[in-house]
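Text of model_19.cif, listed as mmCIF, C-alpha atoms and all ligand atoms:
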```
data_upload
#
loop_
_atom_site.group_PDB
_atom_site.id
_atom_site.type_symbol
_atom_site.label_atom_id
_atom_site.label_comp_id
_atom_site.auth_asym_id
_atom_site.auth_seq_id
_atom_site.Cartn_x
_atom_site.Cartn_y
_atom_site.Cartn_z
ATOM 1 C CA MET A 1 14.740 20.158 25.108
ATOM 2 C CA SER A 2 13.911 23.851 25.784
ATOM 3 C CA GLY A 3 16.267 26.476 24.349
ATOM 4 C CA LEU A 4 18.206 23.726 22.624
ATOM 5 C CA TRP A 5 18.227 22.611 19.028
ATOM 6 C CA TYR A 6 16.438 19.298 18.349
ATOM 7 C CA THR A 7 17.702 17.270 15.414
ATOM 8 C CA GLU A 8 15.761 14.593 13.558
ATOM 9 C CA LYS A 9 18.227 12.355 11.730
ATOM 10 C CA GLN A 10 16.451 11.838 8.375
ATOM 11 C CA THR A 11 19.241 9.529 7.209
ATOM 12 C CA LYS A 12 22.324 8.472 9.086
ATOM 13 C CA ASN A 13 24.198 11.372 7.434
ATOM 14 C CA PHE A 14 21.573 14.110 7.140
ATOM 15 C CA GLY A 15 19.011 15.730 9.409
ATOM 16 C CA ILE A 16 16.679 18.589 10.169
ATOM 17 C CA THR A 17 17.298 20.720 13.250
ATOM 18 C CA MET A 18 14.954 23.107 14.976
ATOM 19 C CA LYS A 19 15.081 25.453 17.961
ATOM 20 C CA ILE A 20 12.860 24.332 20.851
ATOM 21 C CA LYS A 21 11.020 26.914 22.972
ATOM 22 C CA GLU A 22 9.616 24.424 25.515
ATOM 23 C CA THR A 23 9.286 20.681 26.050
ATOM 24 C CA LEU A 24 5.617 19.954 26.658
ATOM 25 C CA HIS A 25 5.550 16.194 27.210
ATOM 26 C CA THR A 26 7.847 13.196 26.885
ATOM 27 C CA GLU A 27 7.041 9.554 27.559
ATOM 28 C CA GLN A 28 7.826 6.056 26.380
ATOM 29 C CA THR A 29 4.401 4.658 25.493
ATOM 30 C CA GLU A 30 3.653 0.962 24.950
ATOM 31 C CA PHE A 31 4.581 1.444 21.282
ATOM 32 C CA GLN A 32 7.019 4.329 20.800
ATOM 33 C CA LYS A 33 8.718 7.364 22.296
ATOM 34 C CA LEU A 34 6.232 10.231 22.302
ATOM 35 C CA GLU A 35 7.546 13.817 22.497
ATOM 36 C CA MET A 36 5.543 17.019 22.233
ATOM 37 C CA ALA A 37 7.453 20.311 22.071
ATOM 38 C CA GLU A 38 6.823 23.955 21.259
ATOM 39 C CA THR A 39 9.232 24.925 18.472
ATOM 40 C CA GLU A 40 10.180 28.519 17.560
ATOM 41 C CA GLU A 41 9.455 28.093 13.846
ATOM 42 C CA PHE A 42 6.602 25.591 13.527
ATOM 43 C CA GLY A 43 4.662 25.897 16.788
ATOM 44 C CA ASN A 44 3.732 22.784 18.753
ATOM 45 C CA MET A 45 5.143 19.643 17.196
ATOM 46 C CA LEU A 46 4.567 15.910 17.767
ATOM 47 C CA PHE A 47 7.537 13.538 17.467
ATOM 48 C CA LEU A 48 7.327 9.737 17.558
ATOM 49 C CA ASP A 49 10.557 7.775 17.952
ATOM 50 C CA GLY A 50 12.419 10.983 17.159
ATOM 51 C CA MET A 51 10.585 11.610 13.873
ATOM 52 C CA VAL A 52 8.473 14.706 13.155
ATOM 53 C CA MET A 53 4.839 13.647 12.835
ATOM 54 C CA THR A 54 2.974 16.943 12.589
ATOM 55 C CA SER A 55 3.299 20.618 13.503
ATOM 56 C CA GLN A 56 0.837 23.453 13.981
ATOM 57 C CA LYS A 57 2.383 25.500 11.169
ATOM 58 C CA ASP A 58 2.542 23.017 8.262
ATOM 59 C CA GLU A 59 0.104 20.208 9.226
ATOM 60 C CA PHE A 60 -2.570 21.376 6.794
ATOM 61 C CA VAL A 61 -0.549 20.352 3.731
ATOM 62 C CA TYR A 62 -0.338 16.677 4.595
ATOM 63 C CA HIS A 63 -3.811 16.328 6.098
ATOM 64 C CA GLU A 64 -5.556 18.065 3.159
ATOM 65 C CA MET A 65 -3.631 16.080 0.536
ATOM 66 C CA VAL A 66 -4.226 12.683 2.206
ATOM 67 C CA ALA A 67 -7.962 13.391 2.496
ATOM 68 C CA HIS A 68 -9.212 15.505 -0.418
ATOM 69 C CA VAL A 69 -7.551 13.737 -3.351
ATOM 70 C CA PRO A 70 -9.371 10.407 -2.703
ATOM 71 C CA LEU A 71 -12.552 12.038 -1.340
ATOM 72 C CA PHE A 72 -13.056 14.158 -4.465
ATOM 73 C CA THR A 73 -12.083 11.231 -6.685
ATOM 74 C CA HIS A 74 -14.876 9.104 -5.208
ATOM 75 C CA PRO A 75 -18.277 10.369 -6.469
ATOM 76 C CA ARG A 76 -20.024 9.948 -3.096
ATOM 77 C CA PRO A 77 -17.822 8.845 -0.175
ATOM 78 C CA GLU A 78 -19.944 7.911 2.851
ATOM 79 C CA ASN A 79 -17.992 5.390 4.937
ATOM 80 C CA VAL A 80 -14.314 6.280 5.510
ATOM 81 C CA LEU A 81 -11.527 4.596 7.474
ATOM 82 C CA VAL A 82 -8.304 6.209 8.692
ATOM 83 C CA VAL A 83 -5.523 3.865 9.842
ATOM 84 C CA GLY A 84 -3.132 5.622 12.231
ATOM 85 C CA GLY A 85 -3.798 9.349 12.188
ATOM 86 C CA GLY A 86 -4.025 9.702 15.965
ATOM 87 C CA ASP A 87 -3.311 13.432 15.743
ATOM 88 C CA GLY A 88 -6.789 13.829 14.229
ATOM 89 C CA GLY A 89 -5.768 15.985 11.248
ATOM 90 C CA VAL A 90 -6.986 13.633 8.507
ATOM 91 C CA ILE A 91 -10.314 13.106 10.325
ATOM 92 C CA ARG A 92 -10.753 16.898 10.520
ATOM 93 C CA GLU A 93 -10.395 17.133 6.745
ATOM 94 C CA VAL A 94 -12.623 14.086 6.065
ATOM 95 C CA LEU A 95 -15.493 15.702 8.006
ATOM 96 C CA LYS A 96 -15.480 18.685 5.616
ATOM 97 C CA HIS A 97 -17.146 16.371 3.067
ATOM 98 C CA LYS A 98 -20.903 16.453 3.799
ATOM 99 C CA SER A 99 -21.451 13.105 2.044
ATOM 100 C CA VAL A 100 -19.396 11.348 4.753
ATOM 101 C CA LYS A 101 -21.759 9.661 7.184
ATOM 102 C CA LYS A 102 -19.152 7.782 9.226
ATOM 103 C CA ALA A 103 -15.395 8.198 9.733
ATOM 104 C CA THR A 104 -13.591 5.479 11.707
ATOM 105 C CA LEU A 105 -10.117 6.061 13.108
ATOM 106 C CA VAL A 106 -7.996 3.057 14.146
ATOM 107 C CA GLU A 107 -4.928 4.306 16.029
ATOM 108 C CA ILE A 108 -2.725 1.823 17.881
ATOM 109 C CA ASP A 109 -1.489 4.269 20.531
ATOM 110 C CA GLY A 110 -4.088 6.001 22.688
ATOM 111 C CA LYS A 111 -1.441 8.336 24.095
ATOM 112 C CA VAL A 112 -1.026 9.962 20.677
ATOM 113 C CA ILE A 113 -4.732 10.829 20.717
ATOM 114 C CA GLU A 114 -4.575 12.033 24.335
ATOM 115 C CA TYR A 115 -1.622 14.392 23.871
ATOM 116 C CA SER A 116 -2.715 15.586 20.437
ATOM 117 C CA LYS A 117 -6.031 16.662 21.980
ATOM 118 C CA LYS A 118 -4.134 18.462 24.740
ATOM 119 C CA TYR A 119 -1.394 20.217 22.746
ATOM 120 C CA LEU A 120 -2.714 20.220 19.152
ATOM 121 C CA PRO A 121 -6.409 21.122 19.663
ATOM 122 C CA GLU A 122 -6.766 22.732 16.221
ATOM 123 C CA ILE A 123 -5.656 19.410 14.667
ATOM 124 C CA ALA A 124 -7.304 16.897 16.996
ATOM 125 C CA GLY A 125 -10.427 18.928 17.790
ATOM 126 C CA GLN A 126 -12.851 16.948 15.570
ATOM 127 C CA LEU A 127 -12.160 13.501 17.032
ATOM 128 C CA ASP A 128 -15.253 13.858 19.239
ATOM 129 C CA ASP A 129 -17.548 14.662 16.296
ATOM 130 C CA PRO A 130 -20.697 12.431 16.283
ATOM 131 C CA ARG A 131 -19.763 11.070 12.825
ATOM 132 C CA VAL A 132 -16.400 9.822 14.164
ATOM 133 C CA GLU A 133 -15.709 6.482 15.803
ATOM 134 C CA VAL A 134 -12.245 6.241 17.421
ATOM 135 C CA LYS A 135 -10.833 2.759 17.995
ATOM 136 C CA VAL A 136 -7.530 2.229 19.800
ATOM 137 C CA GLY A 137 -6.051 -0.826 18.126
ATOM 138 C CA ASP A 138 -3.883 -2.282 15.376
ATOM 139 C CA GLY A 139 -4.917 -1.100 11.932
ATOM 140 C CA PHE A 140 -3.507 -4.275 10.425
ATOM 141 C CA MET A 141 -5.935 -6.396 12.480
ATOM 142 C CA HIS A 142 -8.857 -4.057 11.778
ATOM 143 C CA ILE A 143 -8.279 -4.371 8.040
ATOM 144 C CA ALA A 144 -7.975 -8.165 8.325
ATOM 145 C CA GLU A 145 -11.407 -8.242 10.010
ATOM 146 C CA SER A 146 -13.127 -5.903 7.502
ATOM 147 C CA GLU A 147 -14.863 -6.843 4.255
ATOM 148 C CA GLY A 148 -16.567 -4.676 1.643
ATOM 149 C CA GLU A 149 -17.233 -1.870 4.123
ATOM 150 C CA TYR A 150 -15.424 1.297 3.133
ATOM 151 C CA ASP A 151 -15.646 3.780 0.261
ATOM 152 C CA VAL A 152 -12.248 5.306 1.106
ATOM 153 C CA ILE A 153 -9.393 4.102 3.322
ATOM 154 C CA MET A 154 -6.477 6.374 4.241
ATOM 155 C CA VAL A 155 -3.323 4.977 5.778
ATOM 156 C CA ASP A 156 -1.851 7.798 7.840
ATOM 157 C CA SER A 157 0.822 5.762 9.581
ATOM 158 C CA THR A 158 4.326 6.301 10.819
ATOM 159 C CA GLU A 159 7.277 5.053 8.775
ATOM 160 C CA PRO A 160 7.589 1.290 8.222
ATOM 161 C CA VAL A 161 9.234 0.729 11.588
ATOM 162 C CA GLY A 162 7.865 -0.438 14.926
ATOM 163 C CA PRO A 163 4.048 -0.783 14.980
ATOM 164 C CA ALA A 164 3.728 0.377 11.346
ATOM 165 C CA VAL A 165 6.045 -2.170 9.755
ATOM 166 C CA ASN A 166 3.095 -4.353 8.603
ATOM 167 C CA LEU A 167 1.328 -1.384 7.024
ATOM 168 C CA PHE A 168 3.647 -1.316 4.006
ATOM 169 C CA THR A 169 3.252 -4.960 2.926
ATOM 170 C CA LYS A 170 1.491 -6.443 -0.096
ATOM 171 C CA GLY A 171 -0.629 -8.507 2.292
ATOM 172 C CA PHE A 172 -1.876 -5.332 3.945
ATOM 173 C CA TYR A 173 -2.774 -3.767 0.597
ATOM 174 C CA ALA A 174 -4.638 -6.946 -0.366
ATOM 175 C CA GLY A 175 -6.500 -6.666 2.931
ATOM 176 C CA ILE A 176 -7.344 -3.040 2.143
ATOM 177 C CA SER A 177 -8.780 -4.107 -1.198
ATOM 178 C CA LYS A 178 -10.961 -6.661 0.612
ATOM 179 C CA ALA A 179 -12.074 -4.069 3.199
ATOM 180 C CA LEU A 180 -13.094 -1.615 0.462
ATOM 181 C CA LYS A 181 -16.407 -1.675 -1.428
ATOM 182 C CA ASP A 182 -16.134 -2.762 -5.065
ATOM 183 C CA ASP A 183 -15.593 0.850 -6.187
ATOM 184 C CA GLY A 184 -13.385 1.843 -3.244
ATOM 185 C CA ILE A 185 -10.228 3.942 -3.145
ATOM 186 C CA PHE A 186 -7.242 3.934 -0.794
ATOM 187 C CA VAL A 187 -4.358 6.297 -0.172
ATOM 188 C CA ALA A 188 -1.184 5.720 1.817
ATOM 189 C CA GLN A 189 1.595 8.115 2.685
ATOM 190 C CA THR A 190 4.680 6.694 0.961
ATOM 191 C CA ASP A 191 7.581 8.809 2.206
ATOM 192 C CA ASN A 192 10.033 10.711 -0.013
ATOM 193 C CA PRO A 193 11.906 10.014 -3.291
ATOM 194 C CA TRP A 194 15.222 11.434 -2.071
ATOM 195 C CA PHE A 195 15.900 9.101 0.869
ATOM 196 C CA THR A 196 13.427 6.216 0.423
ATOM 197 C CA PRO A 197 13.082 5.610 -3.353
ATOM 198 C CA GLU A 198 12.972 1.836 -2.880
ATOM 199 C CA LEU A 199 9.939 2.107 -0.576
ATOM 200 C CA ILE A 200 8.034 4.100 -3.203
ATOM 201 C CA LYS A 201 9.051 1.654 -5.932
ATOM 202 C CA ASN A 202 8.037 -1.418 -3.910
ATOM 203 C CA VAL A 203 4.710 -0.002 -2.749
ATOM 204 C CA GLN A 204 3.807 1.092 -6.276
ATOM 205 C CA LYS A 205 4.666 -2.379 -7.601
ATOM 206 C CA ASP A 206 2.597 -4.131 -4.899
ATOM 207 C CA VAL A 207 -0.398 -1.782 -5.243
ATOM 208 C CA LYS A 208 -0.349 -2.027 -9.058
ATOM 209 C CA GLU A 209 -0.755 -5.807 -8.714
ATOM 210 C CA ILE A 210 -3.914 -5.302 -6.645
ATOM 211 C CA PHE A 211 -5.609 -2.110 -7.912
ATOM 212 C CA PRO A 212 -6.444 -1.411 -11.576
ATOM 213 C CA ILE A 213 -5.715 2.286 -11.105
ATOM 214 C CA THR A 214 -2.512 3.143 -9.194
ATOM 215 C CA ARG A 215 -0.897 6.555 -9.119
ATOM 216 C CA LEU A 216 1.589 8.638 -7.124
ATOM 217 C CA TYR A 217 1.100 12.250 -6.151
ATOM 218 C CA MET A 218 3.251 14.706 -4.204
ATOM 219 C CA ALA A 219 3.181 17.689 -1.856
ATOM 220 C CA ASN A 220 5.686 19.991 -0.176
ATOM 221 C CA ILE A 221 5.957 19.367 3.556
ATOM 222 C CA PRO A 222 8.868 21.363 4.999
ATOM 223 C CA THR A 223 9.175 19.404 8.251
ATOM 224 C CA TYR A 224 9.209 15.951 6.597
ATOM 225 C CA PRO A 225 12.388 14.275 5.319
ATOM 226 C CA SER A 226 13.592 16.126 2.172
ATOM 227 C CA GLY A 227 10.393 18.266 2.156
ATOM 228 C CA LEU A 228 9.072 16.382 -0.909
ATOM 229 C CA TRP A 229 6.388 13.920 0.216
ATOM 230 C CA THR A 230 4.562 11.254 -1.784
ATOM 231 C CA PHE A 231 1.201 9.545 -1.563
ATOM 232 C CA THR A 232 0.188 6.339 -3.316
ATOM 233 C CA ILE A 233 -3.434 6.027 -4.413
ATOM 234 C CA GLY A 234 -5.024 2.699 -5.403
ATOM 235 C CA SER A 235 -8.501 2.723 -6.916
ATOM 236 C CA LYS A 236 -10.843 -0.051 -8.036
ATOM 237 C CA LYS A 237 -12.873 2.105 -10.408
ATOM 238 C CA TYR A 238 -12.422 5.903 -10.272
ATOM 239 C CA ASP A 239 -9.315 7.602 -11.707
ATOM 240 C CA PRO A 240 -8.084 10.631 -9.680
ATOM 241 C CA LEU A 241 -7.101 12.266 -12.986
ATOM 242 C CA GLU A 242 -10.619 11.943 -14.422
ATOM 243 C CA VAL A 243 -12.698 13.784 -11.834
ATOM 244 C CA LYS A 244 -15.519 15.787 -13.424
ATOM 245 C CA GLU A 245 -15.270 19.572 -12.996
ATOM 246 C CA GLU A 246 -18.668 19.722 -11.268
ATOM 247 C CA ARG A 247 -17.491 17.204 -8.609
ATOM 248 C CA PHE A 248 -15.163 19.800 -7.095
ATOM 249 C CA HIS A 249 -17.025 22.047 -4.679
ATOM 250 C CA GLU A 250 -15.500 24.784 -2.569
ATOM 251 C CA LEU A 251 -13.895 23.608 0.663
ATOM 252 C CA ASP A 252 -12.180 25.499 3.462
ATOM 253 C CA THR A 253 -8.574 24.563 2.647
ATOM 254 C CA LYS A 254 -5.139 26.222 2.762
ATOM 255 C CA TYR A 255 -3.206 23.984 0.373
ATOM 256 C CA TYR A 256 -5.562 21.755 -1.654
ATOM 257 C CA THR A 257 -7.331 23.187 -4.720
ATOM 258 C CA LYS A 258 -8.925 21.447 -7.696
ATOM 259 C CA ASP A 259 -6.033 22.589 -9.921
ATOM 260 C CA LEU A 260 -3.492 21.326 -7.408
ATOM 261 C CA HIS A 261 -5.384 18.004 -7.268
ATOM 262 C CA LYS A 262 -4.381 17.404 -10.884
ATOM 263 C CA ALA A 263 -0.966 19.113 -10.741
ATOM 264 C CA SER A 264 0.149 17.001 -7.765
ATOM 265 C CA PHE A 265 0.256 13.957 -10.065
ATOM 266 C CA VAL A 266 2.803 15.612 -12.387
ATOM 267 C CA LEU A 267 6.070 13.991 -11.352
ATOM 268 C CA PRO A 268 9.700 15.051 -11.880
ATOM 269 C CA LYS A 269 11.581 12.646 -14.147
ATOM 270 C CA PHE A 270 13.564 10.972 -11.312
ATOM 271 C CA VAL A 271 10.277 10.194 -9.532
ATOM 272 C CA GLN A 272 8.503 9.088 -12.703
ATOM 273 C CA ASP A 273 11.324 6.580 -13.173
ATOM 274 C CA LEU A 274 10.485 5.074 -9.779
ATOM 275 C CA VAL A 275 6.879 4.375 -10.661
ATOM 276 C CA GLU A 276 7.178 3.260 -14.275
HETATM 277 N N1 LIG W 1 1.723 12.182 9.113
HETATM 278 C C1 LIG W 1 2.619 11.276 9.798
HETATM 279 C C2 LIG W 1 3.604 10.670 8.839
HETATM 280 O O1 LIG W 1 3.444 10.812 7.631
HETATM 281 O O2 LIG W 1 4.569 10.062 9.350
HETATM 282 C C3 LIG W 1 1.819 10.239 10.508
HETATM 283 C C4 LIG W 1 1.109 10.847 11.665
HETATM 284 S S1 LIG W 1 0.172 9.814 12.684
HETATM 285 C C5 LIG W 1 0.627 10.494 14.211
HETATM 286 C C6 LIG W 1 0.958 8.229 12.599
HETATM 287 C C7 LIG W 1 0.266 7.287 13.555
HETATM 288 O O3 LIG W 1 0.293 5.940 13.082
HETATM 289 C C8 LIG W 1 0.917 7.241 14.956
HETATM 290 O O4 LIG W 1 0.082 7.866 15.883
HETATM 291 C C9 LIG W 1 1.100 5.752 15.243
HETATM 292 O O5 LIG W 1 0.828 5.396 16.581
HETATM 293 C C10 LIG W 1 0.104 5.147 14.264
HETATM 294 N N2 LIG W 1 0.352 3.723 13.936
HETATM 295 C C11 LIG W 1 1.531 3.119 13.654
HETATM 296 N N3 LIG W 1 1.343 1.804 13.422
HETATM 297 C C12 LIG W 1 -0.006 1.564 13.544
HETATM 298 C C13 LIG W 1 -0.824 0.416 13.413
HETATM 299 N N4 LIG W 1 -0.295 -0.797 13.114
HETATM 300 N N5 LIG W 1 -2.166 0.544 13.589
HETATM 301 C C14 LIG W 1 -2.705 1.760 13.906
HETATM 302 N N6 LIG W 1 -1.976 2.903 14.062
HETATM 303 C C15 LIG W 1 -0.639 2.793 13.868
#
```
Whole structure given in structure tokens:
Amino acid sequence: MSGLWYTEKQTKNFGITMKIKETLHTEQTEFQKLEMAETEEFGNMLFLDGMVMTSQKDEFVYHEMVAHVPLFTHPRPENVLVVGGGDGGVIREVLKHKSVKKATLVEIDGKVIEYSKKYLPEIAGQLDDPRVEVKVGDGFMHIAESEGEYDVIMVDSTEPVGPAVNLFTKGFYAGISKALKDDGIFVAQTDNPWFTPELIKNVQKDVKEIFPITRLYMANIPTYPSGLWTFTIGSKKYDPLEVKEERFHELDTKYYTKDLHKASFVLPKFVQDLVE
């Protein structure tokens, strides 16, 4: 890919294109096409099945917003599960919370972990932390086998295609509820309102039928389709909009702040219409 422009088709009629400095690794794994490239604008970047997963320049937005919104909403998160997330970014953010005693990562494709460690060390560098347990396996199966274990579960999966297709079903969300403790919280990345409004609508509807508190929040991620990304949070007891001031303590972040925690739930009208 070096010296060329690489295009991710975000819809069949629209895409993002970026200049590639060097191709670092390409292989067809058991689950997906894995590409790692150095890009001129965003540094090293991981692609799976032709879709941008994470980049050195903007990764902090997504990883901080997936992790800190639920972890500050929960009064004392100790046992955390990340489904997917093989690049290690969400785990890195989870470990910033001193209350967390154990963080389990269940990633279906070991090659994602291997090449993220090699080419994205600042993202994947915490996967060997003593508080982390890395399992290479199907998150859907792990959830099915778990009961009442986790304070917070984060679903950091690829789009609902290939190995992730089951991770956007009502059955999976019901399984998450079962795997959580009785005051647990879960967050899933739920794509963008410009190109996948139906996905957001369907996930919100399914999660609302399972969790008493269901909300949508957003962040700007320039390398993701449309740049406007959403996250769905389902909570059995704690409301992300009712976190006590004293709960927020300083963290080393570049995007997340306690004011942004609240502001991220303020939705533009066309997005509000999807969730109401
Ligand atoms: N931030 C990215 C996004 O929003 O698209 C996701 C990054 S992370 C690399 C996505 C990971 O989910 C991939 O490594 C993929 O292998 C993993 N994955 C997909 N389906 C899975 C499943 N059923 N169980 C566990 N991991 C899965």
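Each of A:Lys236, A:Lys201, A:Lys254, A:Lys96 was checked against Thr214 in chain A using all atoms listed in the file; the smallest atom-to-atom distance is that of A:Lys236.
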Expansion of the PyMOL selection byres (((not hetatm)) within 6 of (chain W and resi 1)) into residues, as a PyMOL selection string
chain A and resi 53+83-87+106-109+112+137-140+156-159+163-164+189
Rounded to one decimal in Å, what is the spacing between CA of His25 in chain A and CA of Gly125 in chain A?
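Distance between the two atoms: 18.7 Å.
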Given the point (9.3, -0.6, 0.3) in the file's coordinates, find the residues that have an atom at most 10 Å from it, counting only C-alpha atoms, and give them as a PyMOL selection string.
chain A and resi 160+168-170+190-191+196-206
If you measure from CA of Phe186 in chain A to CA of Val94 in chain A, what distance in Å do you get, rounded to one decimal?
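These two atoms are separated by 13.4 Å.
When all atoms listed in the file are used to compute distances to Leu267 in chain A, the closest of the residues A:Gln10, A:Ala219, A:Ser235, A:Gln126 turns out to be A:Ala219.
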What would the selection look like, as a PyMOL selection string, if the PyMOL selection byres (((chain A and resi 18) around 7) and not hetatm) were run on the coordinates I just shared?
chain A and resi 5-7+16-17+19-20+39
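Close to (-1.0, 15.4, -0.1), meaning no more than 9 Å away when counting all atoms listed in the file, sit the residues Val61, Tyr62, His63, Glu64, Met65, Val66, Ala67, His68, Val69, Gln189, Tyr217, Met218, Ala219, Asn220, Ile221, Trp229, Thr230, Phe231, Tyr255, Tyr256, His261 and Ser264 of chain A.
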From the options A:Tyr238, A:Phe14, A:Tyr115, A:Phe31, which residue's atoms come nearest to Asn44 in chain A, counting all atoms listed in the file?
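With all atoms listed in the file as the atom set, the closest residue is A:Tyr115.
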Just the residues within 7 Å of Leu105 in chain A, please, counting all atoms listed in the file, with nothing from its chain fewer than 6 positions along; format it as a PDB file with C-alpha atoms, in the coordinates of the input.
```pdb
ATOM      1  CA  LEU A  81     -11.527   4.596   7.474  1.00  0.00           C
ATOM      2  CA  VAL A  82      -8.304   6.209   8.692  1.00  0.00           C
ATOM      3  CA  VAL A  83      -5.523   3.865   9.842  1.00  0.00           C
ATOM      4  CA  GLU A 133     -15.709   6.482  15.803  1.00  0.00           C
ATOM      5  CA  VAL A 134     -12.245   6.241  17.421  1.00  0.00           C
ATOM      6  CA  LYS A 135     -10.833   2.759  17.995  1.00  0.00           C
TER       7      LYS A 135
END
```
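For the structure in this document, the set picked by the PyMOL selection byres (((chain A and resi 124) around 10) and not hetatm) is Gly85, Gly86, Asp87, Gly88, Gly89, Val90, Ile91, Arg92, Ile113, Glu114, Tyr115, Ser116, Lys117, Lys118, Tyr119, Leu120, Pro121, Glu122, Ile123, Gly125, Gln126, Leu127 and Asp128 of chain A.
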Can you tell me how far CA of Thr23 in chain A sits from CA of Gly110 in chain A, in Å to one decimal?
20.1 Å
Between A:Ile185, A:Ala144, A:Leu24, A:Ile176, which is the closest to Arg76 in chain A once you count only C-alpha atoms?
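Distance minimum relative to Arg76 in chain A lands on A:Ile185.
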Could you name the residues that touch Asp183 in chain A at 10 Å or less, counting all atoms listed in the file, but leaving out those on the same chain fewer than 2 positions away, as a list of chain:residue names?
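Close residues of Asp183 in chain A: A:His74, A:Pro75, A:Gly148, A:Tyr150, A:Asp151, A:Val152, A:Ser177, A:Leu180, A:Lys181, A:Ile185, A:Ser235, A:Lys236, A:Lys237, A:Tyr238.
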Just the residues within 8 Å of Ile143 in chain A, please, counting all atoms listed in the file, with nothing from its chain fewer than 5 positions along; format it as a ChimeraX atom specification.
/A:172,175-176,179
Residue nearest Val52 in chain A - candidates A:His97, A:Lys21, A:Arg131, A:Lys9, atoms counted: all atoms listed in the file
A:Lys9
Neighbouring residues of Gly43 in chain A were defined as those with any atom within 9 Å, considering all atoms listed in the file; residues of the same chain fewer than 4 positions away were excluded. Please report them as a PDB file with C-alpha atoms, keeping the file's coordinate frame.
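Contents of result19.pdb, freshly written:
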```pdb
ATOM      1  CA  LYS A  21      11.020  26.914  22.972  1.00  0.00           C
ATOM      2  CA  ALA A  37       7.453  20.311  22.071  1.00  0.00           C
ATOM      3  CA  GLU A  38       6.823  23.955  21.259  1.00  0.00           C
ATOM      4  CA  THR A  39       9.232  24.925  18.472  1.00  0.00           C
ATOM      5  CA  SER A  55       3.299  20.618  13.503  1.00  0.00           C
ATOM      6  CA  GLN A  56       0.837  23.453  13.981  1.00  0.00           C
ATOM      7  CA  LYS A  57       2.383  25.500  11.169  1.00  0.00           C
TER       8      LYS A  57
END
```
Of the residues A:Asp49, A:Glu78, A:Glu8, A:Asp239, which is the one nearest to Gln28 in chain A, using all atoms listed in the file?
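Checking each candidate against Gln28 in chain A, we get A:Asp49 as the closest.
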Might you pull out every residue within 10 Å of Pro130 in chain A, with all atoms listed in the file counted and same-chain residues fewer than 4 positions away left off, and present them as a short mmCIF file (atom, residue, chain, number, x, y, z; two decimals) with C-alpha atoms, in the coordinates of the input?
```cif
data_model
loop_
_atom_site.label_atom_id
_atom_site.label_comp_id
_atom_site.auth_asym_id
_atom_site.auth_seq_id
_atom_site.Cartn_x
_atom_site.Cartn_y
_atom_site.Cartn_z
CA LYS A 101 -21.76 9.66 7.18
CA LYS A 102 -19.15 7.78 9.23
CA ALA A 103 -15.40 8.20 9.73
CA GLN A 126 -12.85 16.95 15.57
#
```
